[in-house]
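Read through the structure below, which is laid out as structure tokens, and then see the notes.
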Protein chains: 2
Amino acid sequence: MPAPPSRSVDVTLVSEWNDGHPRPFQDSLVGEEPLEIRVGGEPLSVTMRTPGNDFELAAGFLYTEGLIQLREQILSLGAAETGVEPGSRGNVVEAQLDPEISLQLERTRRNFFSSSSCGICGKASIDAVRLRTLQAPNADFRVSAATLYSLPDILRGSQAIFGRTGGLHAAALFSASGEMTVAREDVGRHNAVDKAIGWALLENRVPLRDSILLVSGRGGFEIIQKAIVAGIPMVASVSAPSSLAVRLARELRLTLVGFLRDRRFVVYAGEDRILPVG
Amino acid sequence: MPAPPSRSVDVTLVSEWNDGHPRPFQDSLVGEEPLEIRVGGEPLSVTMRTPGNDFELAAGFLYTEGLIQLREQILSLGAAETGVEPGSRGNVVEAQLDPEISLQLERTRRNFFSSSSCGICGKASIDAVRLRTLQAPNADFRVSAATLYSLPDILRGSQAIFGRTGGLHAAALFSASGEMTVAREDVGRHNAVDKAIGWALLENRVPLRDSILLVSGRGGFEIIQKAIVAGIPMVASVSAPSSLAVRLARELRLTLVGFLRDRRFVVYAGEDRILPVG
């Protein structure tokens, strides 16, 4: 039996139980399939993602994880076949990188299991992000509280799949005046962020010195890390950040906003970038 | 500056903006720190987790990822130091496993980058879980719809941290009659599940042939995979499952319930295990 093709939404017959009794119900499900990212023919990472915008996801992953710093270091992105099953088509992205990057990656790979043991603590995690950061986030960036309040509704209005299935995370980039430049959805929060930032990278818009990143879920350490590496000065989420996310944002001078909903938000770091109303 | 110790909750002074104006506010943040799991002195995995129940997390990870099948294969679990910084204390768990398992792991490690390229598609992902599954989920397990409706409130009542911070995922195990046997919270959904199942493993309660797993978030592929490996016959979530999670549950005969809230739920697989009311 060949595997079904990769899709971003599947429709299936299920059963809805209201007050203890079932009835048939057509439901839309968020697509989820593994994606392998290969560099120079060698597997680098496998992630469970919602099919679609896979080149952006691969480009964003390579960039926010610090493997590349510039658009030009990606020589090509292509869909590869695993060569094992017909159903695997479309689930592998092959990247050709600048030869110098490939060499460096080869060294990292060889040392992976011996080097990852040093520095397993929050401070070391923050220092690792600091090393990958090319410049401090834009200190002159300003956003009014009124603009921040408006962002979640704009994002929700753009979420094609989310409205139908309720099972997706979203990430979007906005200008200081609240214009949305890109929105991406995925079963994985990190993937949604990588797709949005990967889009910007492929469009030669990085570093994102004048952008707000809005995420639909929680603001964890890895989301803040990706934002800082991409030069984004402000991250907002509709839910809570973690302790390490707040420490990272404070130490690297990023503005971190949480619980953004119903004309309320909480500022955890970098409050000087937010302007009061009136 | 030494890193602060690992904690499950941090309190910090932040700023709350209501209707465009700030005021100071004491907030509780969910703790997040990296945890490294080592086997036989070699690093196996690093995950961002909420400190606490780390032995359970390590045991659950080893078990649900298919590295071990029995409690007895874990010879010991201990806290290790990285030897690099003082702050790293408490963020490394060292597991000593049955020598045969360690040997097998060594082989897997050596082949990691060459072997992971075969079979990157949903079908291959499902087949991989099938290979790790020791027996089919309990076909005689039955739960009434009324019991299912009651579970989210019981879990919420037990969530010590979640109530204060809003930033945590929860996972709990229940009996068929709705008694909660364990609940665990974490910044990572997978970690909350690994902690709950790891507790059961360390208590010699696996396979969990008579248990329901309830998760606070979405029912993705990896959650269902962990449940199946642990022998759990029913997974319920308060949100939507993904397409691949539904395919996996249907093929391996697990009961999968989504959108469990307000006397309503949707059954995506294995409906024969649910009894109507009255």
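Going by the structure tokens order, chains are called A, B, ..., each with residues numbered from 1, while ligands are numbered from 1 in the order shown.
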
Got a sec to pull out which chain B residues are within 6 Å of chain A, counting only C-alpha atoms, and send them as a PyMOL selection string?
-> chain B and resi 3+14-21+29-34+88+120-123+145+167+240+242-244+263-268+276-277

Inset, instruction - Write down as JSON, numbers by chain the residues of range 41-242 of chain B whose backbone DSSP state falls under strand (DSSP E or B). - result: {"B": [42, 43, 44, 45, 46, 47, 48, 49, 74, 75, 76, 77, 78, 79, 92, 93, 94, 95, 96, 97, 143, 144, 169, 170, 171, 172, 173, 174, 180, 181, 182, 183, 184, 185, 186, 212, 213, 214, 215, 219, 234, 235, 236, 237, 241, 242]}

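Residues in contact with Leu201 in chain A at 9 Å, where only C-alpha atoms are counted and same-chain residues fewer than 6 positions away are skipped, are listed as Glu56, Ala59, Gly60, Tyr63, Leu70, Arg71, Pro207 and Ala230 of chain A.
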
Saved selection, atoms kept: all heavy atoms, as a short mmCIF file (atom, residue, chain, number, x, y, z; two decimals), in the first residue's frame:
data_model
loop_
_atom_site.label_atom_id
_atom_site.label_comp_id
_atom_site.auth_asym_id
_atom_site.auth_seq_id
_atom_site.Cartn_x
_atom_site.Cartn_y
_atom_site.Cartn_z
N GLU A 56 11.21 27.03 2.88
CA GLU A 56 11.29 28.06 3.92
C GLU A 56 11.67 27.42 5.27
O GLU A 56 12.50 27.96 6.00
CB GLU A 56 9.95 28.76 4.08
CG GLU A 56 9.54 29.60 2.88
CD GLU A 56 8.14 30.17 3.06
OE1 GLU A 56 7.49 29.88 4.08
OE2 GLU A 56 7.70 30.91 2.16
N ALA A 59 15.34 26.49 5.12
CA ALA A 59 16.18 27.70 5.15
C ALA A 59 16.15 28.34 6.54
O ALA A 59 17.18 28.73 7.09
CB ALA A 59 15.70 28.69 4.09
N GLY A 60 14.95 28.43 7.12
CA GLY A 60 14.81 29.03 8.45
C GLY A 60 15.53 28.22 9.51
O GLY A 60 16.18 28.77 10.40
N TYR A 63 19.26 28.75 9.28
CA TYR A 63 19.61 30.11 9.71
C TYR A 63 19.45 30.28 11.22
O TYR A 63 20.37 30.73 11.91
CB TYR A 63 18.75 31.09 8.92
CG TYR A 63 18.91 32.54 9.26
CD1 TYR A 63 20.14 33.19 9.15
CD2 TYR A 63 17.82 33.29 9.68
CE1 TYR A 63 20.28 34.53 9.46
CE2 TYR A 63 17.94 34.64 9.97
CZ TYR A 63 19.17 35.25 9.87
OH TYR A 63 19.30 36.59 10.17
N LEU A 70 23.97 33.94 6.18
CA LEU A 70 23.59 34.75 5.03
C LEU A 70 22.79 33.93 4.02
O LEU A 70 23.04 32.72 3.86
CB LEU A 70 24.85 35.27 4.30
CG LEU A 70 25.82 36.14 5.11
CD1 LEU A 70 27.13 36.27 4.37
CD2 LEU A 70 25.19 37.51 5.36
N ARG A 71 21.89 34.59 3.33
CA ARG A 71 21.13 33.97 2.25
C ARG A 71 22.06 33.31 1.23
O ARG A 71 21.81 32.22 0.72
CB ARG A 71 20.27 35.06 1.58
CG ARG A 71 19.66 34.71 0.23
CD ARG A 71 18.51 33.75 0.41
NE ARG A 71 17.95 33.30 -0.86
CZ ARG A 71 18.42 32.26 -1.55
NH1 ARG A 71 19.46 31.59 -1.11
NH2 ARG A 71 17.83 31.88 -2.67
N PRO A 207 18.90 40.80 8.41
CA PRO A 207 18.27 40.67 9.71
C PRO A 207 16.97 41.47 9.80
O PRO A 207 16.83 42.50 9.16
CB PRO A 207 19.32 41.21 10.68
CG PRO A 207 20.16 42.14 9.87
CD PRO A 207 20.17 41.54 8.48
N ALA A 230 17.84 35.93 14.32
CA ALA A 230 17.34 36.60 13.11
C ALA A 230 17.32 38.12 13.25
O ALA A 230 16.85 38.81 12.34
CB ALA A 230 15.93 36.09 12.79
#

Worksheet item: Excluding same-chain residues fewer than 3 positions from Asp98 in chain B, what lies within 10 Å of it counting only C-alpha atoms, as number ranges by chain?
Response: B: 40, 68, 72-76, 95, 101-103

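Using only C-alpha atoms, the nearest neighbour of Leu213 in chain A within the list A:Glu179, A:Asp272, A:Glu65, A:Asp186 is A:Glu179.
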
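For the pair CA of Ala192 in chain A and CA of Thr255 in chain B, the separation is 28.7 Å.
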
Neighbour list for Leu252 in chain B as an MDAnalysis selection string, cut-off 12 Å, only C-alpha atoms, skip fewer than 6 positions in-chain
chainID B and resid 126:139 224:225 227:229 231:234 245:246 269:270

| request: Could you give me the residues within range 162-203 of chain B that DSSP places in helix (DSSP H, G or I), as a PyMOL selection string? | output: chain B and resi 162-165+189-202

Atom pair CA of Phe174 in chain B + CA of Gln26 in chain A, distance 28.8 Å
